[in-house]
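Peer 1: Sharing input_11.txt here; it has compact mmCIF, N, CA and C atoms.
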```
# COMPACT_ATOMS: atom_id res chain seq x y z
N MET A 96 19.52 -26.41 35.34
CA MET A 96 18.85 -26.45 34.07
C MET A 96 17.76 -25.36 34.01
N LYS A 97 16.99 -25.24 35.10
CA LYS A 97 15.94 -24.22 35.14
C LYS A 97 16.54 -22.82 35.04
N GLN A 98 17.66 -22.63 35.70
CA GLN A 98 18.29 -21.31 35.69
C GLN A 98 18.79 -20.98 34.28
N ARG A 99 19.32 -21.94 33.57
CA ARG A 99 19.79 -21.72 32.21
C ARG A 99 18.62 -21.35 31.29
N PHE A 100 17.50 -22.04 31.44
CA PHE A 100 16.31 -21.74 30.65
C PHE A 100 15.79 -20.33 30.97
N LEU A 101 15.78 -19.98 32.23
CA LEU A 101 15.32 -18.65 32.65
C LEU A 101 16.18 -17.56 32.02
N TRP A 102 17.50 -17.73 32.03
CA TRP A 102 18.40 -16.75 31.43
C TRP A 102 18.19 -16.67 29.92
N LEU A 103 17.97 -17.80 29.29
CA LEU A 103 17.73 -17.82 27.84
C LEU A 103 16.43 -17.07 27.51
N ALA A 104 15.37 -17.36 28.27
CA ALA A 104 14.09 -16.68 28.04
C ALA A 104 14.22 -15.18 28.27
N LEU A 105 14.91 -14.80 29.31
CA LEU A 105 15.12 -13.40 29.61
C LEU A 105 15.93 -12.72 28.50
N GLY A 106 16.92 -13.41 27.99
CA GLY A 106 17.73 -12.87 26.89
C GLY A 106 16.91 -12.65 25.63
N VAL A 107 16.07 -13.61 25.29
CA VAL A 107 15.21 -13.47 24.10
C VAL A 107 14.27 -12.29 24.27
N PHE A 108 13.68 -12.17 25.44
CA PHE A 108 12.77 -11.06 25.71
C PHE A 108 13.50 -9.72 25.61
N ALA A 109 14.70 -9.65 26.19
CA ALA A 109 15.47 -8.40 26.17
C ALA A 109 15.84 -8.00 24.75
N VAL A 110 16.25 -8.96 23.93
CA VAL A 110 16.59 -8.67 22.54
C VAL A 110 15.36 -8.14 21.81
N GLY A 111 14.22 -8.75 22.06
CA GLY A 111 12.98 -8.28 21.43
C GLY A 111 12.64 -6.85 21.82
N CYS A 112 12.85 -6.52 23.08
CA CYS A 112 12.57 -5.16 23.54
C CYS A 112 13.54 -4.15 22.93
N PHE A 113 14.80 -4.52 22.85
CA PHE A 113 15.80 -3.61 22.31
C PHE A 113 15.65 -3.40 20.81
N MET A 114 14.99 -4.31 20.14
CA MET A 114 14.82 -4.17 18.69
C MET A 114 13.77 -3.12 18.36
N GLY A 115 13.03 -2.64 19.32
CA GLY A 115 12.05 -1.59 19.07
C GLY A 115 10.65 -2.11 18.85
N THR A 116 10.52 -3.38 18.57
CA THR A 116 9.21 -3.98 18.37
C THR A 116 9.07 -5.12 19.36
N PRO A 117 8.07 -5.09 20.21
CA PRO A 117 7.90 -6.18 21.17
C PRO A 117 7.76 -7.52 20.46
N VAL A 118 8.22 -8.55 21.10
CA VAL A 118 8.16 -9.88 20.54
C VAL A 118 6.72 -10.26 20.24
N TRP A 119 5.79 -9.78 21.01
CA TRP A 119 4.39 -10.15 20.87
C TRP A 119 3.61 -9.20 19.95
N ALA A 120 4.29 -8.32 19.22
CA ALA A 120 3.62 -7.32 18.37
C ALA A 120 2.80 -7.99 17.28
N ASP A 121 1.72 -7.35 16.93
CA ASP A 121 0.84 -7.83 15.87
C ASP A 121 1.52 -7.63 14.52
N SER A 122 1.60 -8.68 13.72
CA SER A 122 2.28 -8.57 12.43
C SER A 122 1.54 -7.62 11.50
N HIS A 123 0.24 -7.48 11.65
CA HIS A 123 -0.53 -6.55 10.83
C HIS A 123 -0.07 -5.11 11.10
N GLU A 124 0.17 -4.81 12.36
CA GLU A 124 0.63 -3.46 12.73
C GLU A 124 1.98 -3.17 12.10
N ALA A 125 2.86 -4.15 12.11
CA ALA A 125 4.18 -3.98 11.49
C ALA A 125 4.05 -3.78 9.99
N ALA A 126 3.14 -4.50 9.35
CA ALA A 126 2.92 -4.35 7.91
C ALA A 126 2.39 -2.96 7.58
N GLU A 127 1.50 -2.43 8.42
CA GLU A 127 0.98 -1.08 8.21
C GLU A 127 2.09 -0.05 8.31
N GLN A 128 2.97 -0.22 9.29
CA GLN A 128 4.08 0.72 9.46
C GLN A 128 5.00 0.69 8.25
N THR A 129 5.24 -0.50 7.71
CA THR A 129 6.08 -0.64 6.52
C THR A 129 5.41 0.04 5.33
N ALA A 130 4.10 -0.16 5.17
CA ALA A 130 3.37 0.45 4.07
C ALA A 130 3.41 1.97 4.17
N GLU A 131 3.23 2.50 5.38
CA GLU A 131 3.28 3.95 5.57
C GLU A 131 4.66 4.49 5.23
N ALA A 132 5.69 3.80 5.65
CA ALA A 132 7.06 4.25 5.37
C ALA A 132 7.32 4.23 3.87
N THR A 133 6.85 3.21 3.18
CA THR A 133 7.03 3.12 1.73
C THR A 133 6.27 4.24 1.05
N GLU A 134 5.06 4.49 1.50
CA GLU A 134 4.23 5.54 0.91
C GLU A 134 4.89 6.91 1.07
N GLU A 135 5.53 7.13 2.23
CA GLU A 135 6.17 8.41 2.49
C GLU A 135 7.40 8.62 1.61
N THR A 136 8.07 7.55 1.21
CA THR A 136 9.28 7.68 0.42
C THR A 136 9.02 7.69 -1.08
N MET A 137 7.81 7.34 -1.50
CA MET A 137 7.48 7.35 -2.92
C MET A 137 7.28 8.79 -3.39
N PRO A 138 7.91 9.17 -4.50
CA PRO A 138 7.71 10.53 -5.01
C PRO A 138 6.30 10.70 -5.53
N GLU A 139 5.76 11.87 -5.35
CA GLU A 139 4.41 12.15 -5.82
C GLU A 139 4.45 12.59 -7.27
N ALA A 140 3.43 12.22 -8.03
CA ALA A 140 3.36 12.55 -9.45
C ALA A 140 3.19 14.06 -9.63
N ALA A 141 3.70 14.57 -10.75
CA ALA A 141 3.65 15.99 -11.03
C ALA A 141 2.23 16.45 -11.40
N GLY A 142 1.51 15.66 -12.17
CA GLY A 142 0.17 16.02 -12.60
C GLY A 142 -0.74 14.82 -12.48
N PRO A 143 -2.00 14.98 -12.88
CA PRO A 143 -2.91 13.84 -12.81
C PRO A 143 -2.41 12.67 -13.65
N ILE A 144 -2.56 11.49 -13.12
CA ILE A 144 -2.14 10.27 -13.82
C ILE A 144 -3.36 9.65 -14.47
N ASP A 145 -3.22 9.31 -15.74
CA ASP A 145 -4.30 8.66 -16.48
C ASP A 145 -4.29 7.18 -16.11
N ILE A 146 -5.31 6.75 -15.37
CA ILE A 146 -5.35 5.37 -14.90
C ILE A 146 -5.63 4.38 -16.03
N ASN A 147 -5.99 4.88 -17.21
CA ASN A 147 -6.21 4.01 -18.36
C ASN A 147 -4.92 3.70 -19.12
N THR A 148 -3.89 4.49 -18.91
CA THR A 148 -2.65 4.28 -19.66
C THR A 148 -1.41 4.14 -18.78
N ALA A 149 -1.51 4.45 -17.50
CA ALA A 149 -0.35 4.45 -16.61
C ALA A 149 0.19 3.05 -16.39
N ASP A 150 1.52 2.96 -16.30
CA ASP A 150 2.14 1.69 -15.96
C ASP A 150 2.17 1.54 -14.43
N ALA A 151 2.62 0.38 -13.97
CA ALA A 151 2.62 0.10 -12.53
C ALA A 151 3.46 1.10 -11.75
N ALA A 152 4.62 1.47 -12.26
CA ALA A 152 5.50 2.40 -11.56
C ALA A 152 4.81 3.76 -11.37
N SER A 153 4.11 4.23 -12.39
CA SER A 153 3.41 5.51 -12.29
C SER A 153 2.26 5.42 -11.28
N LEU A 154 1.52 4.33 -11.32
CA LEU A 154 0.40 4.16 -10.39
C LEU A 154 0.89 4.12 -8.94
N GLN A 155 2.07 3.57 -8.72
CA GLN A 155 2.60 3.45 -7.37
C GLN A 155 3.04 4.79 -6.79
N THR A 156 3.09 5.83 -7.58
CA THR A 156 3.40 7.15 -7.05
C THR A 156 2.17 7.78 -6.39
N LEU A 157 1.02 7.18 -6.58
CA LEU A 157 -0.23 7.68 -6.00
C LEU A 157 -0.35 7.26 -4.54
N PRO A 158 -0.96 8.10 -3.69
CA PRO A 158 -1.10 7.75 -2.28
C PRO A 158 -2.00 6.52 -2.09
N GLY A 159 -1.51 5.57 -1.32
CA GLY A 159 -2.29 4.37 -1.02
C GLY A 159 -2.19 3.29 -2.07
N ILE A 160 -1.43 3.53 -3.13
CA ILE A 160 -1.29 2.53 -4.20
C ILE A 160 0.12 1.95 -4.15
N GLY A 161 0.18 0.69 -3.81
CA GLY A 161 1.45 -0.02 -3.80
C GLY A 161 1.51 -0.98 -4.97
N GLU A 162 2.43 -1.89 -4.90
CA GLU A 162 2.64 -2.84 -5.99
C GLU A 162 1.39 -3.69 -6.26
N THR A 163 0.75 -4.17 -5.20
CA THR A 163 -0.42 -5.04 -5.35
C THR A 163 -1.60 -4.31 -5.96
N LYS A 164 -1.90 -3.12 -5.47
CA LYS A 164 -3.05 -2.37 -5.99
C LYS A 164 -2.78 -1.88 -7.42
N ALA A 165 -1.55 -1.51 -7.72
CA ALA A 165 -1.21 -1.10 -9.08
C ALA A 165 -1.45 -2.26 -10.04
N ALA A 166 -1.02 -3.45 -9.65
CA ALA A 166 -1.23 -4.64 -10.48
C ALA A 166 -2.72 -4.94 -10.65
N ALA A 167 -3.50 -4.72 -9.58
CA ALA A 167 -4.94 -4.96 -9.64
C ALA A 167 -5.62 -3.96 -10.59
N ILE A 168 -5.17 -2.71 -10.57
CA ILE A 168 -5.73 -1.69 -11.47
C ILE A 168 -5.47 -2.09 -12.92
N ILE A 169 -4.24 -2.48 -13.21
CA ILE A 169 -3.87 -2.86 -14.58
C ILE A 169 -4.63 -4.11 -15.01
N ALA A 170 -4.74 -5.10 -14.12
CA ALA A 170 -5.47 -6.33 -14.45
C ALA A 170 -6.94 -6.04 -14.72
N HIS A 171 -7.53 -5.16 -13.90
CA HIS A 171 -8.95 -4.81 -14.10
C HIS A 171 -9.14 -4.10 -15.43
N ARG A 172 -8.25 -3.20 -15.73
CA ARG A 172 -8.30 -2.44 -16.99
C ARG A 172 -8.17 -3.37 -18.19
N GLU A 173 -7.25 -4.34 -18.10
CA GLU A 173 -7.06 -5.28 -19.21
C GLU A 173 -8.24 -6.22 -19.37
N ALA A 174 -8.87 -6.61 -18.28
CA ALA A 174 -10.00 -7.55 -18.33
C ALA A 174 -11.31 -6.88 -18.72
N ASN A 175 -11.49 -5.61 -18.33
CA ASN A 175 -12.79 -4.94 -18.50
C ASN A 175 -12.77 -3.73 -19.42
N GLY A 176 -11.63 -3.41 -19.96
CA GLY A 176 -11.53 -2.22 -20.80
C GLY A 176 -11.23 -1.00 -19.97
N PRO A 177 -11.11 0.15 -20.63
CA PRO A 177 -10.74 1.38 -19.92
C PRO A 177 -11.80 1.83 -18.92
N PHE A 178 -11.33 2.54 -17.90
CA PHE A 178 -12.24 3.12 -16.92
C PHE A 178 -12.98 4.28 -17.57
N ALA A 179 -14.29 4.37 -17.39
CA ALA A 179 -15.07 5.46 -17.96
C ALA A 179 -14.95 6.72 -17.10
N THR A 180 -14.92 6.54 -15.79
CA THR A 180 -14.77 7.66 -14.84
C THR A 180 -13.80 7.25 -13.75
N VAL A 181 -13.29 8.22 -13.01
CA VAL A 181 -12.40 7.89 -11.91
C VAL A 181 -13.13 7.10 -10.82
N ASP A 182 -14.45 7.31 -10.69
CA ASP A 182 -15.24 6.57 -9.71
C ASP A 182 -15.25 5.08 -10.00
N ASP A 183 -15.05 4.69 -11.25
CA ASP A 183 -15.01 3.27 -11.62
C ASP A 183 -13.83 2.55 -10.97
N LEU A 184 -12.88 3.30 -10.46
CA LEU A 184 -11.73 2.70 -9.79
C LEU A 184 -12.15 1.89 -8.57
N GLN A 185 -13.33 2.21 -8.01
CA GLN A 185 -13.84 1.46 -6.86
C GLN A 185 -14.20 0.03 -7.23
N ASN A 186 -14.30 -0.28 -8.52
CA ASN A 186 -14.58 -1.64 -8.96
C ASN A 186 -13.35 -2.54 -8.85
N VAL A 187 -12.19 -1.95 -8.57
CA VAL A 187 -10.95 -2.70 -8.42
C VAL A 187 -10.86 -3.20 -6.98
N THR A 188 -10.55 -4.47 -6.83
CA THR A 188 -10.40 -5.07 -5.51
C THR A 188 -9.34 -4.33 -4.70
N GLY A 189 -9.70 -3.95 -3.49
CA GLY A 189 -8.76 -3.27 -2.60
C GLY A 189 -8.85 -1.76 -2.63
N ILE A 190 -9.69 -1.21 -3.49
CA ILE A 190 -9.84 0.24 -3.55
C ILE A 190 -11.27 0.59 -3.14
N GLY A 191 -11.36 1.28 -2.02
CA GLY A 191 -12.65 1.68 -1.49
C GLY A 191 -12.82 3.19 -1.54
N GLU A 192 -13.84 3.65 -0.84
CA GLU A 192 -14.17 5.08 -0.84
C GLU A 192 -13.03 5.95 -0.32
N LYS A 193 -12.40 5.52 0.78
CA LYS A 193 -11.34 6.34 1.39
C LYS A 193 -10.16 6.48 0.44
N THR A 194 -9.75 5.39 -0.18
CA THR A 194 -8.63 5.45 -1.11
C THR A 194 -9.00 6.31 -2.30
N LEU A 195 -10.21 6.14 -2.83
CA LEU A 195 -10.65 6.93 -3.98
C LEU A 195 -10.65 8.42 -3.66
N GLU A 196 -11.09 8.79 -2.46
CA GLU A 196 -11.10 10.20 -2.08
C GLU A 196 -9.70 10.79 -2.09
N LYS A 197 -8.69 10.00 -1.65
CA LYS A 197 -7.31 10.48 -1.67
C LYS A 197 -6.80 10.65 -3.10
N LEU A 198 -7.36 9.87 -4.02
CA LEU A 198 -6.85 9.84 -5.39
C LEU A 198 -7.55 10.79 -6.35
N LYS A 199 -8.78 11.16 -6.09
CA LYS A 199 -9.60 11.89 -7.06
C LYS A 199 -8.91 13.08 -7.72
N GLU A 200 -8.18 13.85 -6.95
CA GLU A 200 -7.51 15.05 -7.50
C GLU A 200 -6.22 14.70 -8.23
N LYS A 201 -5.78 13.46 -8.12
CA LYS A 201 -4.47 13.07 -8.67
C LYS A 201 -4.57 12.15 -9.88
N ILE A 202 -5.81 11.76 -10.23
CA ILE A 202 -5.99 10.83 -11.35
C ILE A 202 -6.97 11.36 -12.37
N THR A 203 -6.91 10.78 -13.56
CA THR A 203 -7.83 11.10 -14.63
C THR A 203 -8.04 9.84 -15.47
N VAL A 204 -9.05 9.88 -16.31
CA VAL A 204 -9.27 8.77 -17.25
C VAL A 204 -9.08 9.28 -18.68
N GLY A 205 -8.30 10.33 -18.82
CA GLY A 205 -8.00 10.87 -20.14
C GLY A 205 -9.08 11.83 -20.59
N ALA A 206 -9.22 11.94 -21.89
CA ALA A 206 -10.12 12.93 -22.50
C ALA A 206 -11.59 12.58 -22.33
N SER A 207 -11.90 11.34 -21.95
CA SER A 207 -13.31 10.93 -21.88
C SER A 207 -14.03 11.44 -20.64
N GLU A 208 -13.30 12.06 -19.70
CA GLU A 208 -13.98 12.55 -18.50
C GLU A 208 -14.21 14.04 -18.54
```
As structure tokens, how would this structure be written, given the file I've shared?

Peer 2:
Amino acid sequence: MKQRFLWLALGVFAVGCFMGTPVWADSHEAAEQTAEATEETMPEAAGPIDINTADAASLQTLPGIGETKAAAIIAHREANGPFATVDDLQNVTGIGEKTLEKLKEKITVGASE
């Protein structure tokens, strides 16, 4: 019985190793890798995107903006009105200084800026 359990445990461990991700890997690390891969495959926008009028699909073409952050931008815009400046994007949950710095050259708030 012990030998059967040992072989089973060894088999599970071996499968985990062969899959490329250790069985004990941090799920956060795996999520980051998935996010990076998604970000790399998203096409980049041709010109600045107006964050006051862009739909979710357009916002997701921006670096660091996925489905969740795009939805948060739209929800914030609908609840609080249009963004006055691109810096106001930091008022959206999940968008900090680093993300804003990546976005500044790629976004606009239309004619008001």

Peer 1: How many Å separate atom N of Ala152 (chain A) from CA of Ala170 (chain A)?

Peer 2: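 Atom-to-atom, atom N of Ala152 (chain A) to CA of Ala170 (chain A), that is 12.9 Å.
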
Peer 1: Excluding Phe178 (chain A) and its own-chain neighbours fewer than 4 positions away, which residues fall within 7 Å of it when counting only C-alpha atoms? Please give them as a VMD selection string.

Peer 2: chain A and resid 147 172 183 204

Peer 1: Which residues are close to Asp145 (chain A), i.e. within 9 Å by only C-alpha atoms, leaving aside same-chain residues fewer than 3 positions away? Reply as number ranges by chain.

Peer 2: A: 148-149, 154, 201-205

Peer 1: Deliver the residues from the most recent selection as a file, using N, CA and C atoms, as an mmCIF file, in the frame of the given file.

Peer 2:
```cif
data_model
loop_
_atom_site.group_PDB
_atom_site.id
_atom_site.type_symbol
_atom_site.label_atom_id
_atom_site.label_comp_id
_atom_site.auth_asym_id
_atom_site.auth_seq_id
_atom_site.Cartn_x
_atom_site.Cartn_y
_atom_site.Cartn_z
ATOM 1 N N THR A 148 -3.890 4.490 -18.910
ATOM 2 C CA THR A 148 -2.650 4.280 -19.660
ATOM 3 C C THR A 148 -1.410 4.140 -18.780
ATOM 4 N N ALA A 149 -1.510 4.450 -17.500
ATOM 5 C CA ALA A 149 -0.350 4.450 -16.610
ATOM 6 C C ALA A 149 0.190 3.050 -16.390
ATOM 7 N N LEU A 154 1.520 4.330 -11.320
ATOM 8 C CA LEU A 154 0.400 4.160 -10.390
ATOM 9 C C LEU A 154 0.890 4.120 -8.940
ATOM 10 N N LYS A 201 -5.780 13.460 -8.120
ATOM 11 C CA LYS A 201 -4.470 13.070 -8.670
ATOM 12 C C LYS A 201 -4.570 12.150 -9.880
ATOM 13 N N ILE A 202 -5.810 11.760 -10.230
ATOM 14 C CA ILE A 202 -5.990 10.830 -11.350
ATOM 15 C C ILE A 202 -6.970 11.360 -12.370
ATOM 16 N N THR A 203 -6.910 10.780 -13.560
ATOM 17 C CA THR A 203 -7.830 11.100 -14.630
ATOM 18 C C THR A 203 -8.040 9.840 -15.470
ATOM 19 N N VAL A 204 -9.050 9.880 -16.310
ATOM 20 C CA VAL A 204 -9.270 8.770 -17.250
ATOM 21 C C VAL A 204 -9.080 9.280 -18.680
ATOM 22 N N GLY A 205 -8.300 10.330 -18.820
ATOM 23 C CA GLY A 205 -8.000 10.870 -20.140
ATOM 24 C C GLY A 205 -9.080 11.830 -20.590
#
```

Peer 1: Given only C-alpha atoms as the basis, pick out the residue of A:Ile144, A:Ala179, A:Ala151, A:Ile168 nearest to Lys199 (chain A).

Peer 2: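 Between A:Ile144, A:Ala179, A:Ala151, A:Ile168, the residue approaching Lys199 (chain A) most closely is A:Ile144.
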
Peer 1: What's the 12 Å shell around region 192-198 of chain A, counting only C-alpha atoms, without same-chain residues fewer than 2 positions away, as a PyMOL selection string?

Peer 2: chain A and resi 139-140+142-146+154-161+164+180-190+200-203

Peer 1: Which distance in Å separates atom N of Ala165 (chain A) and atom C of Ser153 (chain A), to one decimal?

Peer 2: 8.7 Å
